[in-house]
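Listing of start_10.txt; format and content: compact mmCIF, C-alpha atoms.
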# COMPACT_ATOMS: atom_id res chain seq x y z
CA MET A 1 112.50 73.55 153.41
CA ASN A 2 110.48 76.73 153.16
CA LEU A 3 110.90 78.72 149.98
CA PRO A 4 110.30 82.46 150.03
CA PRO A 5 106.99 83.50 148.54
CA PRO A 6 107.06 84.64 144.91
CA PRO A 7 107.21 88.40 144.40
CA ALA A 8 103.91 90.19 144.11
CA PRO A 9 102.93 91.25 140.60
CA PRO A 10 103.28 94.97 139.87
CA PRO A 11 100.11 96.97 140.43
CA ARG A 12 97.94 97.43 137.36
CA PRO A 13 97.71 101.02 136.20
CA SER A 14 94.31 102.61 136.08
CA VAL A 15 92.62 103.41 132.79
CA ARG A 16 93.30 107.10 133.40
CA GLN A 17 97.04 106.41 133.87
CA MET A 18 97.17 104.28 130.70
CA LEU A 19 95.42 106.98 128.64
CA GLY A 20 97.80 109.60 130.04
CA GLU A 21 100.82 107.52 129.07
CA MET A 22 99.44 106.99 125.56
CA ARG A 23 99.28 110.77 125.01
CA GLN A 24 102.84 111.32 126.24
CA VAL A 25 105.42 111.94 123.52
CA ARG A 26 108.79 110.49 124.42
CA PRO A 27 112.11 111.45 122.83
CA LEU A 28 113.32 109.39 119.87
CA PRO A 29 116.11 106.90 120.38
CA PRO A 30 119.44 108.05 118.93
CA GLN A 31 119.59 108.05 115.11
CA ARG A 32 115.92 107.00 114.81
CA GLY A 33 115.04 110.13 112.83
CA ALA A 34 117.72 109.42 110.21
CA PHE A 35 116.58 105.78 110.06
CA ALA A 36 112.99 106.90 109.41
CA VAL A 37 114.00 109.34 106.67
CA ARG A 38 116.15 106.69 104.97
CA ALA A 39 113.31 104.15 105.08
CA GLY A 40 110.80 106.70 103.79
CA LEU A 41 113.01 107.59 100.83
CA ALA A 42 113.68 103.92 100.07
CA MET A 43 109.93 103.34 99.86
CA GLY A 44 108.86 106.61 98.27
CA VAL A 45 111.39 107.04 95.46
CA PRO A 46 110.49 103.76 93.66
CA ILE A 47 106.81 104.71 93.80
CA LEU A 48 107.61 108.16 92.42
CA ALA A 49 109.78 106.65 89.66
CA GLY A 50 107.01 104.24 88.68
CA TRP A 51 104.45 107.03 88.65
CA LEU A 52 106.68 109.27 86.51
CA ALA A 53 107.29 106.36 84.11
CA GLY A 54 103.55 105.80 83.80
CA GLU A 55 103.72 102.44 85.60
CA PRO A 56 102.70 102.98 89.22
CA ALA A 57 102.26 99.21 89.70
CA ALA A 58 105.93 98.70 88.84
CA GLY A 59 106.89 101.32 91.41
CA MET A 60 104.74 99.62 94.04
CA MET A 61 106.40 96.30 93.26
CA ALA A 62 109.86 97.87 93.52
CA THR A 63 108.87 99.22 96.93
CA ILE A 64 109.00 95.67 98.30
CA GLY A 65 112.73 95.83 97.65
CA GLY A 66 112.79 99.11 99.57
CA PHE A 67 112.27 97.14 102.77
CA THR A 68 115.98 96.38 102.43
CA SER A 69 116.70 99.73 104.08
CA LEU A 70 115.31 98.42 107.37
CA TYR A 71 118.16 95.94 107.82
CA GLY A 72 121.70 96.25 109.08
CA SER A 73 121.58 99.53 111.01
CA GLY A 74 124.59 100.02 113.20
CA ARG A 75 126.86 97.64 111.28
CA PRO A 76 130.14 98.76 109.73
CA TYR A 77 129.67 100.04 106.18
CA GLY A 78 131.40 97.17 104.41
CA ALA A 79 129.52 94.49 106.33
CA ARG A 80 126.25 96.39 105.91
CA ALA A 81 126.73 96.76 102.15
CA LEU A 82 127.25 93.02 101.80
CA MET A 83 124.29 92.27 104.04
CA LEU A 84 121.99 94.65 102.13
CA ALA A 85 123.00 93.09 98.80
CA VAL A 86 122.05 89.67 100.14
CA VAL A 87 118.80 91.01 101.65
CA ALA A 88 117.78 92.76 98.40
CA SER A 89 118.50 89.58 96.44
CA ALA A 90 116.49 87.53 98.94
CA PHE A 91 113.52 89.91 98.62
CA ALA A 92 113.69 89.60 94.83
CA ALA A 93 113.85 85.82 95.05
CA ALA A 94 110.97 85.72 97.56
CA VAL A 95 108.68 87.79 95.33
CA ALA A 96 109.63 85.81 92.23
CA PHE A 97 108.99 82.56 94.09
CA GLY A 98 105.66 83.89 95.38
CA LEU A 99 104.63 84.93 91.87
CA TRP A 100 105.56 81.48 90.62
CA LEU A 101 103.35 79.96 93.36
CA GLU A 102 100.45 82.26 92.48
CA HIS A 103 98.62 79.83 90.21
CA LEU A 104 98.81 76.87 92.59
CA SER A 105 96.09 75.82 95.01
CA TRP A 106 96.10 77.31 98.49
CA LEU A 107 96.55 73.75 99.73
CA VAL A 108 100.04 73.91 98.24
CA VAL A 109 100.76 77.62 98.83
CA VAL A 110 100.15 77.61 102.58
CA PRO A 111 102.56 74.76 103.40
CA VAL A 112 105.17 76.19 101.03
CA LEU A 113 104.89 79.63 102.69
CA SER A 114 105.29 77.87 106.03
CA MET A 115 108.49 76.29 104.76
CA VAL A 116 109.69 79.70 103.52
CA ALA A 117 108.97 81.12 106.99
CA MET A 118 110.91 78.32 108.62
CA LEU A 119 113.89 78.74 106.29
CA ALA A 120 113.89 82.53 106.62
CA ALA A 121 113.70 82.34 110.42
CA TRP A 122 116.55 79.84 110.52
CA LEU A 123 118.75 81.90 108.19
CA CYS A 124 118.04 85.18 109.98
CA SER A 125 118.80 83.56 113.31
CA ALA A 126 121.97 81.88 112.03
CA THR A 127 123.28 85.10 110.50
CA ARG A 128 122.10 87.30 113.39
CA THR A 129 120.21 89.55 111.03
CA GLY A 130 118.29 91.36 113.75
CA PRO A 131 114.94 93.10 113.45
CA PRO A 132 112.74 92.95 111.41
CA GLY A 133 114.24 89.52 110.72
CA ALA A 134 112.42 86.85 108.75
CA TYR A 135 109.01 88.49 108.89
CA LEU A 136 109.46 90.74 105.85
CA PHE A 137 110.89 87.94 103.68
CA VAL A 138 107.79 85.85 104.31
CA LEU A 139 105.60 88.90 103.74
CA ALA A 140 107.35 89.54 100.41
CA CYS A 141 106.80 85.94 99.33
CA ALA A 142 103.16 86.03 100.40
CA ALA A 143 102.67 89.34 98.59
CA GLY A 144 104.11 87.74 95.47
CA THR A 145 101.32 85.14 95.54
CA ALA A 146 98.73 87.92 95.31
CA ILE A 147 100.37 90.52 93.05
CA PRO A 148 98.21 91.05 89.95
CA ALA A 149 101.11 90.81 87.51
CA ASP A 150 99.97 88.39 84.85
CA HIS A 151 101.92 90.40 82.26
CA LEU A 152 105.21 89.75 84.09
CA THR A 153 107.27 86.63 84.49
CA PRO A 154 108.54 85.88 88.00
CA LEU A 155 112.04 86.90 86.90
CA GLN A 156 110.82 90.28 85.62
CA ALA A 157 109.00 90.90 88.91
CA GLY A 158 112.08 89.86 90.84
CA ALA A 159 114.18 92.28 88.78
CA ARG A 160 111.87 95.15 89.74
CA VAL A 161 112.09 94.24 93.40
CA LEU A 162 115.86 93.94 93.10
CA GLY A 163 115.92 97.43 91.58
CA GLY A 164 114.05 98.80 94.58
CA GLY A 165 116.43 96.96 96.89
CA ALA A 166 119.45 98.29 95.02
CA PHE A 167 118.17 101.83 95.46
CA ALA A 168 117.61 101.22 99.18
Kindly present the structure from the file in structure tokens form.
Amino acid sequence: MNLPPPPAPPPRPSVRQMLGEMRQVRPLPPQRGAFAVRAGLAMGVPILAGWLAGEPAAGMMATIGGFTSLYGSGRPYGARALMLAVVASAFAAAVAFGLWLEHLSWLVVVPVLSMVAMLAAWLCSATRTGPPGAYLFVLACAAGTAIPADHLTPLQAGARVLGGGAFA
């Protein structure tokens, strides 16, 4: 039995063609501009509030909760509100957990962060969260292990992140 030959790979573009395509500005997908403005405000307002309060570090910490705005686009409002409440709470818990892990050895932190990644990936897949998915939860937890916040308890840090998420 003779099988047909596999299809030929597409021709590789020249360097000149690739550079030309990189300079080309394509139109935005529908609603992408509004998405970008919403995400920018969700990140910028907590920083501004922290700066005006004289605590820019608190504003930067609350910005982690601002990543909440990246989730749930295109869902009905009621379902999205519930999803964003869960996402904001998960970001707060991830940062608090990361801050709690901060003083442990990297021999413990790395496997625990791997477990957090596994759990977050499983939950995001099971609930069909969509992009950016589990990545930002793991990033928030990892950031919590390096935040210089010795003056805060993990719960206080989590409350700041939750505040940023609530604003988002």
With distances taken over all atoms listed in the file, the candidate from A:Val108, A:Ala39, A:Val45, A:Ala159 nearest Val95 of chain A is A:Ala159
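Atom CA of Gly164 of chain A to atom CA of Ala42 of chain A spans 7.5 Å [interatomic distance, one decimal].
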Give the answer as one residue: which of A:Ile147, A:Ala168, A:Leu82, A:Ala93 has the shortest atom-to-atom distance to Arg38 of chain A, using only C-alpha atoms? A:Ala168
Compile the contact shell of Ala140 of chain A as a PyMOL selection string: residues with an atom at most 10 Å away, counting only C-alpha atoms, same-chain residues fewer than 3 positions apart removed. chain A and resi 61+64-65+67+90-98+135-137+143-145+161
For the contact check between segment 50-105 of chain A and segment 112-133 of chain A, emit one row per residue of segment 50-105 of chain A within 12 Å, containing the shortest atom pair and the distance in Å rounded to one decimal, counting only C-alpha atoms, chain then rising number order, as JSON lines.
{"residue": "A:Phe67", "atom": "CA", "partner": "A:Pro132", "partner_atom": "CA", "distance": 9.6}
{"residue": "A:Thr68", "atom": "CA", "partner": "A:Pro132", "partner_atom": "CA", "distance": 10.1}
{"residue": "A:Ser69", "atom": "CA", "partner": "A:Pro132", "partner_atom": "CA", "distance": 10.7}
{"residue": "A:Leu70", "atom": "CA", "partner": "A:Pro132", "partner_atom": "CA", "distance": 7.3}
{"residue": "A:Tyr71", "atom": "CA", "partner": "A:Pro131", "partner_atom": "CA", "distance": 7.1}
{"residue": "A:Gly72", "atom": "CA", "partner": "A:Thr129", "partner_atom": "CA", "distance": 7.1}
{"residue": "A:Ser73", "atom": "CA", "partner": "A:Gly130", "partner_atom": "CA", "distance": 9.2}
{"residue": "A:Gly74", "atom": "CA", "partner": "A:Gly130", "partner_atom": "CA", "distance": 10.7}
{"residue": "A:Arg75", "atom": "CA", "partner": "A:Thr129", "partner_atom": "CA", "distance": 10.5}
{"residue": "A:Ala79", "atom": "CA", "partner": "A:Thr129", "partner_atom": "CA", "distance": 11.5}
{"residue": "A:Arg80", "atom": "CA", "partner": "A:Thr129", "partner_atom": "CA", "distance": 10.5}
{"residue": "A:Met83", "atom": "CA", "partner": "A:Thr129", "partner_atom": "CA", "distance": 8.5}
{"residue": "A:Leu84", "atom": "CA", "partner": "A:Thr129", "partner_atom": "CA", "distance": 10.4}
{"residue": "A:Val86", "atom": "CA", "partner": "A:Thr129", "partner_atom": "CA", "distance": 11.0}
{"residue": "A:Val87", "atom": "CA", "partner": "A:Thr129", "partner_atom": "CA", "distance": 9.6}
{"residue": "A:Ala90", "atom": "CA", "partner": "A:Ala120", "partner_atom": "CA", "distance": 9.5}
{"residue": "A:Phe91", "atom": "CA", "partner": "A:Ala120", "partner_atom": "CA", "distance": 10.9}
{"residue": "A:Ala93", "atom": "CA", "partner": "A:Val116", "partner_atom": "CA", "distance": 11.2}
{"residue": "A:Ala94", "atom": "CA", "partner": "A:Val116", "partner_atom": "CA", "distance": 8.6}
{"residue": "A:Val95", "atom": "CA", "partner": "A:Val116", "partner_atom": "CA", "distance": 11.6}
{"residue": "A:Phe97", "atom": "CA", "partner": "A:Val116", "partner_atom": "CA", "distance": 9.9}
{"residue": "A:Gly98", "atom": "CA", "partner": "A:Leu113", "partner_atom": "CA", "distance": 8.5}
{"residue": "A:Trp100", "atom": "CA", "partner": "A:Val112", "partner_atom": "CA", "distance": 11.7}
{"residue": "A:Leu101", "atom": "CA", "partner": "A:Val112", "partner_atom": "CA", "distance": 8.7}
{"residue": "A:Glu102", "atom": "CA", "partner": "A:Leu113", "partner_atom": "CA", "distance": 11.4}
{"residue": "A:Leu104", "atom": "CA", "partner": "A:Val112", "partner_atom": "CA", "distance": 10.6}
{"residue": "A:Ser105", "atom": "CA", "partner": "A:Val112", "partner_atom": "CA", "distance": 10.9}
What is the atom CA of Gly59 of chain A to atom CA of Arg160 of chain A distance in Å? 8.1 Å
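As for atom CA of Phe35 of chain A and atom CA of Tyr77 of chain A, they are spaced 14.8 Å apart.
Nearest residue to Gly44 of chain A among A:Pro13, A:Pro111, A:Pro30, A:Gly66 is A:Gly66, counting all atoms listed in the file.
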Using all atoms listed in the file, pick whichever of A:Met18, A:Ala58, A:Gly50, A:Thr63 has the shortest atom-to-atom distance to Ala166 of chain A. A:Thr63
